[in-house]
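Shown next, in structure tokens, is the structure this report addresses.
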Amino acid sequence: MEDCGQPEILAKNEIFREAGFTYIGLMFAIAIAGIALAGIGVLWQMESRREKEKELLFVGEEYRRAIGSYFSKSPGGDTQFPQKLEDLLLDTRFPNPVRHLRRLYREPMNPDGQWELIRQQGRIIGVVSRSQEVPIKIAGFGPEQEDFEGAVSYSEWRFISNGTTGQVGAANAPNAPNAAPGQGSASGAGAAPASPAPAPAVAAKIFTGRR
């Protein structure tokens, strides 16, 4: 009787051993899949941020160009920067309103889409992101953005107009202030492009653009 039961016990032990190996293999496969998914998630987040970064550079330059266009095309020689971003969409200083910007763009780095507006003497001379994230791109900028190199946050990418339609970087813009973002504001000192006299401190306000 004992001899008859021995093969059955051995068979059961073999089944349990195989089941154990299968379980271990399954857990190992799950662990590998988890690591792979985590890696994919990191890559996706990085790529998503890289795309938003490209959008920030494009949109910022659109605003810089539009602000320069508003200034340089001022009628009657009375050059001035816009008081609000909506002025770039519909410039009513002319008999036939002029559009310097196709639409108002959201700031892509923040979910709320808010820009920090850089003002000089109460008028907008540029825009800047409020994001404190470290940029992925730190070098290889064009001449119009050479002052962005080595920036430690997106809030150092200041799209300041020098009063022309050309895309000139803030560091190379004549008489453009060195505005530095603070707690919801930016300030700087310099002279307005229309006057050699030093300008008072610059105050910046928050604007929410909508697509």
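FYI, nothing fancy with the structure tokens labels: chains A, B, ... in order, residues from 1 per chain, ligands from 1 as they appear.
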message: From a backbone DSSP assignment, name each residue in range 21-171 of chain A labelled strand (DSSP E), as a PyMOL selection string.
response: chain A and resi 114-120+123-128+158-160
When DSSP is applied to the backbone of this structure, which of range 17-155 of chain A are assigned alpha helix (DSSP H)? Write them out as a VMD selection string. chain A and resid 17 to 72 86 to 89
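Using only C-alpha atoms, the nearest neighbour of Met109 in chain A within the list A:Leu90, A:Ile67, A:Val134, A:Leu43 is A:Val134.
The environment of Ser161 in chain A within 7 Å, counting only C-alpha atoms and disregarding residues fewer than 5 places along the same chain, consists of A:Arg64, A:Ile67, A:Gly68, A:Ile125, A:Gly126.
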Would you export the selected residues with N, CA and C atoms as a PDB file, in the first residue's frame, please?
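As written to disk, part27.pdb reads:
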```pdb
ATOM      1  N   ARG A  64       6.723  88.779 -28.802  1.00  0.00           N
ATOM      2  CA  ARG A  64       7.799  89.771 -28.940  1.00  0.00           C
ATOM      3  C   ARG A  64       7.683  90.497 -30.288  1.00  0.00           C
ATOM      4  N   ILE A  67       4.530  92.816 -30.274  1.00  0.00           N
ATOM      5  CA  ILE A  67       4.739  94.021 -29.461  1.00  0.00           C
ATOM      6  C   ILE A  67       5.633  95.002 -30.208  1.00  0.00           C
ATOM      7  N   GLY A  68       6.679  94.476 -30.872  1.00  0.00           N
ATOM      8  CA  GLY A  68       7.558  95.337 -31.665  1.00  0.00           C
ATOM      9  C   GLY A  68       6.820  95.961 -32.835  1.00  0.00           C
ATOM     10  N   ILE A 125       6.065  95.603 -22.551  1.00  0.00           N
ATOM     11  CA  ILE A 125       7.236  95.498 -23.430  1.00  0.00           C
ATOM     12  C   ILE A 125       7.655  94.044 -23.643  1.00  0.00           C
ATOM     13  N   GLY A 126       7.024  93.130 -22.919  1.00  0.00           N
ATOM     14  CA  GLY A 126       7.389  91.733 -23.091  1.00  0.00           C
ATOM     15  C   GLY A 126       6.546  90.813 -22.235  1.00  0.00           C
TER      16      GLY A 126
END
```
Env of Arg130 in chain A: 7 Å cut, atoms = only C-alpha atoms, seq-sep filter 4 positions within chain, self excluded. Answer as an MDAnalysis selection string. chainID A and resid 115:116 155
Q | All residues 10 Å or closer to Ala151 in chain A, only C-alpha atoms, same chain fewer than 4 positions away omitted, as number ranges by chain | A | A: 134-139, 147, 155-157
Using only C-alpha atoms, the best pick from A:Phe159, A:Phe81, A:Tyr154, A:Phe94 as closest to Arg123 in chain A would be A:Phe81
Of A:Glu149, A:Glu144, A:Glu61, A:Glu55, the one sitting nearest Arg106 in chain A when using only C-alpha atoms is A:Glu55
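The space separating CA of Asn162 in chain A from CA of Gly140 in chain A comes to 22.2 Å.
For the choices A:Ile24, A:Arg50, A:Leu117, A:Gln145, the atom-to-atom distance to Glu133 in chain A is smallest for A:Arg50 when using only C-alpha atoms.
Considering the residues A:Thr164, A:Gln83, A:Thr92, A:Ser69 and counting only C-alpha atoms, Ile124 in chain A has its shortest atom-to-atom contact with A:Gln83.
Here CA of Lys52 in chain A is placed at a distance of 16.2 Å from CA of Phe141 in chain A.
Take the candidates A:Pro75, A:Tyr70, A:Glu53, A:Gln114 and check each one against Ser153 in chain A using only C-alpha atoms; the shortest distance goes to A:Glu53.
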